[in-house]
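Step one of this worksheet: look at the structure below.
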Amino acid sequence: MGRRFFFQPYQRSFVKPLRTARGTWAVRAGFIVRVEAASGVGYGEVAPIPEFGTETVEAAGAFLQRLADAPELAGDVDALATLPCCAFGVSSALASFREDSAPSRDYKVAALLPAGRAALSVASEKVLQGYETFKWKIGVEPVEAEQAIFGELATRLPEGARLRLDANGGLSVECLESWLSFLQAHRGRVDYLEQPLAVGEEAVMARCSEASGIPIALDESLHGADGLRWLEARAWPGPLVVKPALAGDDRRLIERLRPVARQVVLSSVFETQVGLENALHLADQLPGLNRVIGFDTLDAFADSLCILHSTSTIRSAERGVFSPETLWQQLLHST
């Protein structure tokens, strides 16, 4: 029996639409991929975000239909070159058949705070839940207003808590300089400032980080045609926020990340639990990866496509309870 591929689409509505510097995100769409072979079954997830330079949901669906009709496309590098989400989902499904997997691990998780003043009440709740690292979306409101909110956040968080400020590439150079000046008085609270400027402005971000001493992480810069160059050793001095679901073939990604694993922060794309486990399986192969991951996204939807709930630590034992077959059957019978 040769390998056969099947797929099911999904759509999920956010409980509260996500506000970022890019706008508001209300519905998440993607696909679950199933591969069947004589030796078993494997699952992957295809979860595009075109704003990050990936294929569209429509292009992903068209490829998956072709793959279902012609399974040999799974090994066609040229066909997958411009379809990074399909490449990740298909390769993750095939990972079930490989024998080089590492044992699963526990992972500490950064709390995701909403933009604006809503962050204050959510941060208080997250502290009680045991979170120690917090990611806050900025670039949504005027910089002076956000800096005032940051000051309140800093006083509410316990000693040792760290903040990641994510601008999604939405700041001007002037606003970035304002933030870096403001944060000098809060250096002990700042883990890093994430992608403050647009893709293509990496040299400016590097100079600003070096001059201020505030770490700047790349996120959006890692995706698209030239993004992989920033994953080369010594290409970028700060953290690298990697969204595995957007980054292509998982085997190639693992090899690419090993030399820079200590810089890597794995981050969610609001995937189902299939995609979550795909990403964590990749993380398991990177023993040097020890930064708090960005997967406080499990309660963003009021559906059953993820059985885990957001927590300050994702534990190996809890991961092992999940059966992707259950999720597959749910989607199969909902269409």
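Each chain in the structure tokens gets a letter, A, B and so on, in the order shown; residues start at 1 in every chain, and ligands are counted from 1 in the order they appear.
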- Query: Per DSSP on the backbone, what are the strand (DSSP E) residues of stretch 57-298 of chain A, as a PyMOL selection string?
  - Reply: chain A and resi 107-108+111-113+133-137+162-166+190-194+216-217+240-242+264-266
Any chance you can output those residues with N, CA, C and O atoms as an mmCIF file, in the first residue's frame?
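So the final result, stored in out.cif, reads:
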data_model
loop_
_atom_site.group_PDB
_atom_site.id
_atom_site.type_symbol
_atom_site.label_atom_id
_atom_site.label_comp_id
_atom_site.auth_asym_id
_atom_site.auth_seq_id
_atom_site.Cartn_x
_atom_site.Cartn_y
_atom_site.Cartn_z
ATOM 1 N N TYR A 107 7.146 22.545 28.278
ATOM 2 C CA TYR A 107 7.537 23.876 27.785
ATOM 3 C C TYR A 107 6.827 24.968 28.574
ATOM 4 O O TYR A 107 5.597 24.950 28.694
ATOM 5 N N LYS A 108 7.598 25.923 29.090
ATOM 6 C CA LYS A 108 7.006 27.106 29.708
ATOM 7 C C LYS A 108 6.453 28.010 28.612
ATOM 8 O O LYS A 108 7.023 28.125 27.528
ATOM 9 N N ALA A 111 2.458 34.365 28.557
ATOM 10 C CA ALA A 111 1.064 34.812 28.512
ATOM 11 C C ALA A 111 0.887 35.825 27.386
ATOM 12 O O ALA A 111 1.725 36.709 27.189
ATOM 13 N N LEU A 112 -0.212 35.699 26.643
ATOM 14 C CA LEU A 112 -0.525 36.636 25.573
ATOM 15 C C LEU A 112 -1.513 37.667 26.092
ATOM 16 O O LEU A 112 -2.633 37.330 26.507
ATOM 17 N N LEU A 113 -1.109 38.931 26.072
ATOM 18 C CA LEU A 113 -1.959 40.019 26.554
ATOM 19 C C LEU A 113 -2.586 40.761 25.378
ATOM 20 O O LEU A 113 -1.928 40.988 24.362
ATOM 21 N N THR A 133 6.300 35.193 32.053
ATOM 22 C CA THR A 133 6.670 35.983 30.876
ATOM 23 C C THR A 133 5.380 36.394 30.171
ATOM 24 O O THR A 133 4.443 35.596 30.072
ATOM 25 N N PHE A 134 5.341 37.643 29.681
ATOM 26 C CA PHE A 134 4.106 38.212 29.137
ATOM 27 C C PHE A 134 4.399 38.886 27.797
ATOM 28 O O PHE A 134 5.353 39.651 27.684
ATOM 29 N N LYS A 135 3.561 38.585 26.800
ATOM 30 C CA LYS A 135 3.698 39.197 25.476
ATOM 31 C C LYS A 135 2.529 40.144 25.257
ATOM 32 O O LYS A 135 1.369 39.738 25.346
ATOM 33 N N TRP A 136 2.868 41.403 24.954
ATOM 34 C CA TRP A 136 1.847 42.442 24.823
ATOM 35 C C TRP A 136 1.927 43.058 23.428
ATOM 36 O O TRP A 136 3.014 43.454 22.978
ATOM 37 N N LYS A 137 0.787 43.167 22.753
ATOM 38 C CA LYS A 137 0.703 43.775 21.432
ATOM 39 C C LYS A 137 0.729 45.301 21.550
ATOM 40 O O LYS A 137 -0.094 45.891 22.259
ATOM 41 N N ARG A 162 8.831 39.202 33.118
ATOM 42 C CA ARG A 162 9.411 39.854 31.946
ATOM 43 C C ARG A 162 8.346 40.086 30.874
ATOM 44 O O ARG A 162 7.420 39.288 30.711
ATOM 45 N N LEU A 163 8.504 41.191 30.147
ATOM 46 C CA LEU A 163 7.555 41.579 29.105
ATOM 47 C C LEU A 163 8.203 41.534 27.726
ATOM 48 O O LEU A 163 9.346 41.974 27.543
ATOM 49 N N ARG A 164 7.451 40.997 26.781
ATOM 50 C CA ARG A 164 7.814 41.039 25.371
ATOM 51 C C ARG A 164 6.830 41.967 24.675
ATOM 52 O O ARG A 164 5.617 41.752 24.761
ATOM 53 N N LEU A 165 7.325 42.980 24.003
ATOM 54 C CA LEU A 165 6.463 43.961 23.335
ATOM 55 C C LEU A 165 6.476 43.684 21.837
ATOM 56 O O LEU A 165 7.519 43.795 21.188
ATOM 57 N N ASP A 166 5.324 43.326 21.287
ATOM 58 C CA ASP A 166 5.226 42.897 19.892
ATOM 59 C C ASP A 166 4.499 43.950 19.075
ATOM 60 O O ASP A 166 3.304 44.176 19.252
ATOM 61 N N VAL A 190 12.067 44.083 30.624
ATOM 62 C CA VAL A 190 11.954 43.861 29.188
ATOM 63 C C VAL A 190 12.723 42.602 28.776
ATOM 64 O O VAL A 190 13.940 42.512 28.975
ATOM 65 N N ASP A 191 11.992 41.660 28.201
ATOM 66 C CA ASP A 191 12.639 40.498 27.603
ATOM 67 C C ASP A 191 13.171 40.891 26.227
ATOM 68 O O ASP A 191 14.337 40.699 25.924
ATOM 69 N N TYR A 192 12.295 41.447 25.400
ATOM 70 C CA TYR A 192 12.719 41.989 24.117
ATOM 71 C C TYR A 192 11.576 42.770 23.492
ATOM 72 O O TYR A 192 10.420 42.681 23.914
ATOM 73 N N LEU A 193 11.916 43.548 22.478
ATOM 74 C CA LEU A 193 10.965 44.266 21.639
ATOM 75 C C LEU A 193 10.896 43.506 20.313
ATOM 76 O O LEU A 193 11.914 43.283 19.667
ATOM 77 N N GLU A 194 9.701 43.056 19.930
ATOM 78 C CA GLU A 194 9.557 42.143 18.791
ATOM 79 C C GLU A 194 9.132 42.876 17.517
ATOM 80 O O GLU A 194 8.099 43.543 17.502
ATOM 81 N N ILE A 216 16.180 43.303 20.400
ATOM 82 C CA ILE A 216 15.105 43.332 19.405
ATOM 83 C C ILE A 216 15.049 41.972 18.726
ATOM 84 O O ILE A 216 16.070 41.435 18.294
ATOM 85 N N ALA A 217 13.839 41.402 18.682
ATOM 86 C CA ALA A 217 13.619 40.099 18.061
ATOM 87 C C ALA A 217 13.034 40.276 16.667
ATOM 88 O O ALA A 217 12.275 41.209 16.420
ATOM 89 N N LEU A 240 15.000 35.124 17.813
ATOM 90 C CA LEU A 240 14.383 34.810 16.532
ATOM 91 C C LEU A 240 13.040 34.143 16.816
ATOM 92 O O LEU A 240 12.986 33.031 17.340
ATOM 93 N N VAL A 241 11.948 34.836 16.496
ATOM 94 C CA VAL A 241 10.612 34.329 16.787
ATOM 95 C C VAL A 241 10.151 33.493 15.591
ATOM 96 O O VAL A 241 9.791 34.031 14.543
ATOM 97 N N VAL A 242 10.182 32.192 15.764
ATOM 98 C CA VAL A 242 9.926 31.265 14.662
ATOM 99 C C VAL A 242 8.531 30.665 14.796
ATOM 100 O O VAL A 242 8.194 30.080 15.834
ATOM 101 N N VAL A 264 16.115 30.936 19.546
ATOM 102 C CA VAL A 264 14.790 30.690 18.984
ATOM 103 C C VAL A 264 13.692 30.771 20.044
ATOM 104 O O VAL A 264 13.797 30.185 21.123
ATOM 105 N N VAL A 265 12.635 31.498 19.700
ATOM 106 C CA VAL A 265 11.394 31.531 20.472
ATOM 107 C C VAL A 265 10.305 30.961 19.571
ATOM 108 O O VAL A 265 9.922 31.594 18.586
ATOM 109 N N LEU A 266 9.820 29.774 19.874
ATOM 110 C CA LEU A 266 8.752 29.202 19.055
ATOM 111 C C LEU A 266 7.447 29.932 19.325
ATOM 112 O O LEU A 266 7.123 30.243 20.470
#
- Item | Residues within 10 Å of A:Gly23, only C-alpha atoms, excluding chain neighbours under 5 positions, as a PyMOL selection string | chain A and resi 17-18+140
All residues 9 Å or closer to stretch 278-282 of chain A, only C-alpha atoms, same chain fewer than 6 positions away omitted, as an mmCIF file with N, CA and C atoms, in the first residue's frame:
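Saved result, part_5.cif, follows:
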data_model
loop_
_atom_site.group_PDB
_atom_site.id
_atom_site.type_symbol
_atom_site.label_atom_id
_atom_site.label_comp_id
_atom_site.auth_asym_id
_atom_site.auth_seq_id
_atom_site.Cartn_x
_atom_site.Cartn_y
_atom_site.Cartn_z
ATOM 1 N N TYR A 43 -0.689 12.871 10.904
ATOM 2 C CA TYR A 43 -1.495 14.080 10.764
ATOM 3 C C TYR A 43 -0.611 15.322 10.775
ATOM 4 N N GLY A 44 -0.996 16.300 9.978
ATOM 5 C CA GLY A 44 -0.344 17.597 9.966
ATOM 6 C C GLY A 44 -1.387 18.689 9.806
ATOM 7 N N GLU A 45 -0.950 19.923 9.971
ATOM 8 C CA GLU A 45 -1.860 21.064 9.818
ATOM 9 C C GLU A 45 -1.263 22.076 8.870
ATOM 10 N N PHE A 88 5.097 22.442 5.553
ATOM 11 C CA PHE A 88 5.180 22.081 6.964
ATOM 12 C C PHE A 88 4.127 21.050 7.336
ATOM 13 N N GLY A 89 2.886 21.271 6.901
ATOM 14 C CA GLY A 89 1.817 20.352 7.267
ATOM 15 C C GLY A 89 2.032 18.960 6.726
ATOM 16 N N SER A 92 5.089 17.320 8.441
ATOM 17 C CA SER A 92 4.750 16.962 9.819
ATOM 18 C C SER A 92 3.916 15.699 9.870
ATOM 19 N N ALA A 93 2.990 15.547 8.915
ATOM 20 C CA ALA A 93 2.206 14.316 8.847
ATOM 21 C C ALA A 93 3.104 13.118 8.575
ATOM 22 N N ALA A 95 6.170 12.896 9.424
ATOM 23 C CA ALA A 95 7.099 12.693 10.542
ATOM 24 C C ALA A 95 6.690 11.514 11.413
ATOM 25 N N SER A 101 12.685 10.460 16.135
ATOM 26 C CA SER A 101 12.038 11.421 17.026
ATOM 27 C C SER A 101 12.683 11.431 18.409
ATOM 28 N N ALA A 102 12.689 12.607 19.036
ATOM 29 C CA ALA A 102 13.196 12.757 20.402
ATOM 30 C C ALA A 102 12.028 12.659 21.382
ATOM 31 N N PRO A 103 12.304 12.336 22.649
ATOM 32 C CA PRO A 103 11.229 12.291 23.645
ATOM 33 C C PRO A 103 10.551 13.650 23.790
ATOM 34 N N SER A 104 9.255 13.647 24.080
ATOM 35 C CA SER A 104 8.539 14.911 24.271
ATOM 36 C C SER A 104 8.966 15.567 25.577
ATOM 37 N N ARG A 105 8.850 16.900 25.623
ATOM 38 C CA ARG A 105 9.291 17.680 26.779
ATOM 39 C C ARG A 105 8.168 18.580 27.285
ATOM 40 N N TYR A 107 7.146 22.545 28.278
ATOM 41 C CA TYR A 107 7.537 23.876 27.785
ATOM 42 C C TYR A 107 6.827 24.968 28.574
ATOM 43 N N LYS A 243 7.750 30.825 13.753
ATOM 44 C CA LYS A 243 6.431 30.198 13.666
ATOM 45 C C LYS A 243 6.579 28.958 12.791
ATOM 46 N N PRO A 244 6.737 27.780 13.373
ATOM 47 C CA PRO A 244 7.016 26.593 12.561
ATOM 48 C C PRO A 244 5.996 26.362 11.459
ATOM 49 N N ALA A 245 4.717 26.612 11.738
ATOM 50 C CA ALA A 245 3.669 26.327 10.762
ATOM 51 C C ALA A 245 3.806 27.151 9.490
ATOM 52 N N ASP A 250 9.535 20.464 7.826
ATOM 53 C CA ASP A 250 9.981 20.403 9.218
ATOM 54 C C ASP A 250 11.382 19.836 9.353
ATOM 55 N N ARG A 251 11.782 18.890 8.505
ATOM 56 C CA ARG A 251 13.126 18.322 8.611
ATOM 57 C C ARG A 251 14.177 19.374 8.286
ATOM 58 N N LEU A 253 13.742 22.575 8.485
ATOM 59 C CA LEU A 253 13.671 23.609 9.516
ATOM 60 C C LEU A 253 14.434 23.190 10.768
ATOM 61 N N ILE A 254 14.313 21.942 11.181
ATOM 62 C CA ILE A 254 15.052 21.448 12.347
ATOM 63 C C ILE A 254 16.551 21.625 12.140
ATOM 64 N N LEU A 266 9.820 29.774 19.874
ATOM 65 C CA LEU A 266 8.752 29.202 19.055
ATOM 66 C C LEU A 266 7.447 29.932 19.325
ATOM 67 N N SER A 267 6.678 30.174 18.263
ATOM 68 C CA SER A 267 5.470 30.990 18.394
ATOM 69 C C SER A 267 4.311 30.368 17.626
ATOM 70 N N SER A 268 3.122 30.578 18.137
ATOM 71 C CA SER A 268 1.887 30.020 17.580
ATOM 72 C C SER A 268 1.371 30.843 16.405
#
- Write out as a list of chain:residue names each polymer residue whose atoms come within 10 Å of A:Ser124, counting only C-alpha atoms; drop sequence neighbours fewer than 6 positions from it.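 Selected residues are A:Tyr131, A:Leu153, A:Arg156, A:Leu157, A:Pro158.
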Would you save the residues from that selection as a PDB file, in the first residue's frame, using C-alpha atoms?
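Result file is out16.pdb:
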ATOM      1  CA  TYR A 131       2.805  32.900  34.089  1.00  0.00           C
ATOM      2  CA  LEU A 153       1.771  46.818  33.819  1.00  0.00           C
ATOM      3  CA  ARG A 156       1.328  45.006  38.631  1.00  0.00           C
ATOM      4  CA  LEU A 157       3.633  42.184  37.641  1.00  0.00           C
ATOM      5  CA  PRO A 158       5.606  40.279  40.292  1.00  0.00           C
TER       6      PRO A 158
END
- Message: When you look at A:Glu202 with a cut-off of 12 Å (counting only C-alpha atoms), what residues show up, excluding the ones that are within fewer than 4 positions of it in the same chain? I need them as a PyMOL selection string.
- Response: chain A and resi 169+173+194-198+206-209+216-222+226-227+229-230+235-238
Take the selection from the previous step and output its residues with N, CA, C and O atoms, as a compact mmCIF listing (two decimals), in the first residue's frame.
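Written output follows (selection37.txt):
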# COMPACT_ATOMS: atom_id res chain seq x y z
N GLY A 169 5.72 44.85 13.29
CA GLY A 169 6.26 45.68 12.22
C GLY A 169 5.55 46.99 12.02
O GLY A 169 5.72 47.63 10.98
N VAL A 173 10.24 54.68 12.75
CA VAL A 173 11.54 54.80 13.41
C VAL A 173 11.43 55.75 14.60
O VAL A 173 12.01 55.51 15.67
N GLU A 194 9.70 43.06 19.93
CA GLU A 194 9.56 42.14 18.79
C GLU A 194 9.13 42.88 17.52
O GLU A 194 8.10 43.54 17.50
N GLN A 195 9.94 42.73 16.48
CA GLN A 195 9.67 43.26 15.14
C GLN A 195 9.03 44.66 15.19
O GLN A 195 7.91 44.87 14.73
N PRO A 196 9.77 45.64 15.71
CA PRO A 196 9.18 46.98 15.78
C PRO A 196 9.00 47.64 14.41
O PRO A 196 8.04 48.39 14.20
N LEU A 197 9.91 47.37 13.47
CA LEU A 197 9.84 47.99 12.15
C LEU A 197 9.48 46.97 11.08
O LEU A 197 9.56 45.76 11.30
N ALA A 198 9.12 47.46 9.93
CA ALA A 198 8.67 46.61 8.83
C ALA A 198 9.81 45.75 8.28
O ALA A 198 11.00 46.06 8.46
N ALA A 206 18.80 46.68 14.01
CA ALA A 206 20.06 46.21 14.61
C ALA A 206 20.82 47.37 15.23
O ALA A 206 21.35 47.26 16.35
N ARG A 207 20.88 48.50 14.52
CA ARG A 207 21.59 49.67 15.06
C ARG A 207 20.90 50.19 16.31
O ARG A 207 21.56 50.54 17.30
N CYS A 208 19.57 50.24 16.29
CA CYS A 208 18.82 50.74 17.44
C CYS A 208 19.01 49.83 18.65
O CYS A 208 19.15 50.30 19.78
N SER A 209 19.02 48.54 18.43
CA SER A 209 19.20 47.60 19.53
C SER A 209 20.59 47.74 20.14
O SER A 209 20.75 47.78 21.36
N ILE A 216 16.18 43.30 20.40
CA ILE A 216 15.11 43.33 19.41
C ILE A 216 15.05 41.97 18.73
O ILE A 216 16.07 41.43 18.29
N ALA A 217 13.84 41.40 18.68
CA ALA A 217 13.62 40.10 18.06
C ALA A 217 13.03 40.28 16.67
O ALA A 217 12.27 41.21 16.42
N LEU A 218 13.39 39.38 15.78
CA LEU A 218 12.78 39.34 14.45
C LEU A 218 11.67 38.32 14.43
O LEU A 218 11.79 37.24 15.00
N ASP A 219 10.57 38.67 13.74
CA ASP A 219 9.44 37.75 13.54
C ASP A 219 9.05 37.77 12.07
O ASP A 219 9.46 36.90 11.30
N GLU A 220 8.30 38.78 11.64
CA GLU A 220 7.89 38.86 10.25
C GLU A 220 9.08 38.81 9.29
O GLU A 220 8.95 38.29 8.17
N SER A 221 10.23 39.32 9.71
CA SER A 221 11.41 39.31 8.84
C SER A 221 11.88 37.91 8.48
O SER A 221 12.61 37.74 7.50
N LEU A 222 11.49 36.92 9.27
CA LEU A 222 11.95 35.55 9.04
C LEU A 222 11.16 34.85 7.94
O LEU A 222 11.54 33.76 7.51
N ASP A 226 13.23 36.25 1.44
CA ASP A 226 14.59 36.39 1.97
C ASP A 226 14.69 36.09 3.47
O ASP A 226 15.75 36.28 4.07
N GLY A 227 13.61 35.60 4.06
CA GLY A 227 13.59 35.46 5.50
C GLY A 227 14.58 34.47 6.08
O GLY A 227 15.12 34.68 7.17
N ARG A 229 17.55 33.86 5.53
CA ARG A 229 18.93 34.30 5.75
C ARG A 229 19.17 34.76 7.18
O ARG A 229 20.29 34.70 7.67
N TRP A 230 18.10 35.17 7.88
CA TRP A 230 18.26 35.63 9.26
C TRP A 230 18.39 34.47 10.23
O TRP A 230 18.69 34.68 11.41
N ALA A 235 23.79 35.77 11.96
CA ALA A 235 23.14 36.74 11.06
C ALA A 235 22.38 37.79 11.84
O ALA A 235 22.29 38.95 11.41
N TRP A 236 21.81 37.41 12.99
CA TRP A 236 21.05 38.34 13.83
C TRP A 236 21.44 38.10 15.28
O TRP A 236 21.44 36.96 15.75
N PRO A 237 21.74 39.16 16.03
CA PRO A 237 22.24 38.96 17.40
C PRO A 237 21.17 38.69 18.45
O PRO A 237 21.46 38.19 19.53
N GLY A 238 19.91 39.02 18.14
CA GLY A 238 18.85 38.91 19.13
C GLY A 238 18.00 37.67 18.96
O GLY A 238 18.32 36.76 18.19
- Query: Residues of stretch 35-167 of chain A in alpha helix (DSSP H) according to DSSP, as a VMD selection string?
  - Reply: chain A and resid 57 to 69 77 to 80 84 to 94 118 to 128 143 to 156
- Message: Restricting the calculation to only C-alpha atoms: of A:Gly53, A:Gly61, A:Pro114, A:Gly139, which residue gets closest to A:Phe31?
- Response: A:Gly61
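With only C-alpha atoms as the atoms that count, the minimum distance from A:Ile293 to the choices A:Glu325, A:Leu308, A:Asp249, A:Asp106 is reached by A:Asp106.
Using only C-alpha atoms, the nearest neighbour of A:Ser323 within the list A:Gly248, A:Arg12, A:Asp78, A:Val274 is A:Val274.
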- Message: With only C-alpha atoms as the counted atoms, please give the residues lying no more than 8 Å from A:Gln273, apart from itself and same-chain residues fewer than 4 positions off, as a VMD selection string.
- Response: chain A and resid 277 305 to 308 324
How would the residues just chosen look if you wrote them out with N, CA, C and O atoms as a PDB file, in the first residue's frame?
ATOM      1  N   GLU A 277       0.865  20.221  18.271  1.00  0.00           N
ATOM      2  CA  GLU A 277       1.743  19.071  18.477  1.00  0.00           C
ATOM      3  C   GLU A 277       2.798  18.984  17.379  1.00  0.00           C
ATOM      4  O   GLU A 277       3.941  18.602  17.645  1.00  0.00           O
ATOM      5  N   LEU A 305     -11.405  21.944  18.844  1.00  0.00           N
ATOM      6  CA  LEU A 305     -10.287  21.565  17.989  1.00  0.00           C
ATOM      7  C   LEU A 305      -8.957  21.591  18.731  1.00  0.00           C
ATOM      8  O   LEU A 305      -7.907  21.362  18.143  1.00  0.00           O
ATOM      9  N   CYS A 306      -9.035  21.882  20.017  1.00  0.00           N
ATOM     10  CA  CYS A 306      -7.856  21.775  20.880  1.00  0.00           C
ATOM     11  C   CYS A 306      -8.361  21.340  22.250  1.00  0.00           C
ATOM     12  O   CYS A 306      -9.211  22.007  22.842  1.00  0.00           O
ATOM     13  N   ILE A 307      -7.852  20.199  22.746  1.00  0.00           N
ATOM     14  CA  ILE A 307      -8.353  19.699  24.027  1.00  0.00           C
ATOM     15  C   ILE A 307      -7.609  20.306  25.204  1.00  0.00           C
ATOM     16  O   ILE A 307      -8.105  20.282  26.330  1.00  0.00           O
ATOM     17  N   LEU A 308      -6.406  20.855  24.959  1.00  0.00           N
ATOM     18  CA  LEU A 308      -5.679  21.518  26.034  1.00  0.00           C
ATOM     19  C   LEU A 308      -6.213  22.929  26.216  1.00  0.00           C
ATOM     20  O   LEU A 308      -6.758  23.532  25.294  1.00  0.00           O
ATOM     21  N   PRO A 324      -5.212  12.715  17.506  1.00  0.00           N
ATOM     22  CA  PRO A 324      -5.611  13.481  16.318  1.00  0.00           C
ATOM     23  C   PRO A 324      -6.737  12.823  15.530  1.00  0.00           C
ATOM     24  O   PRO A 324      -7.475  13.491  14.816  1.00  0.00           O
TER      25      PRO A 324
END
- Query: Pick the closest to A:Phe7 from A:Lys126, A:Arg19, A:Arg34, A:Arg187: which is it, counting only C-alpha atoms?
  - Reply: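 Closest to A:Phe7, using only C-alpha atoms: A:Arg34.
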- Task: Point out the residue among A:Cys85, A:Ile138, A:Leu183, A:Ala79 with the least atom-to-atom distance to A:Pro48, counting only C-alpha atoms.
- Result: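 That would be A:Cys85, the residue with the smallest distance to A:Pro48.
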- Item | Atomic separation - atom CA of A:Asp76 relative to atom CA of A:Leu257, Å |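 Answer for the atom CA of A:Leu257 to atom CA of A:Asp76 separation: 22.5 Å.
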- State, in Å with one decimal place, the distance from atom CA of A:Val109 to atom CA of A:Leu276.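 Between atom CA of A:Val109 and atom CA of A:Leu276 the gap works out to 12.6 Å.
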- Kindly indicate which residue among A:Ser181, A:Ala154, A:Lys16, A:Leu94 lies nearest to A:Thr297, using only C-alpha atoms for the distances.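 Closest to A:Thr297, using only C-alpha atoms: A:Lys16.
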- Query: Can you list, as number ranges by chain, every protein, DNA or RNA residue that comes within 7 Å of A:Leu289 when you count only C-alpha atoms, leaving out same-chain residues fewer than 3 positions away?
  - Reply: A: 261-262, 264, 286
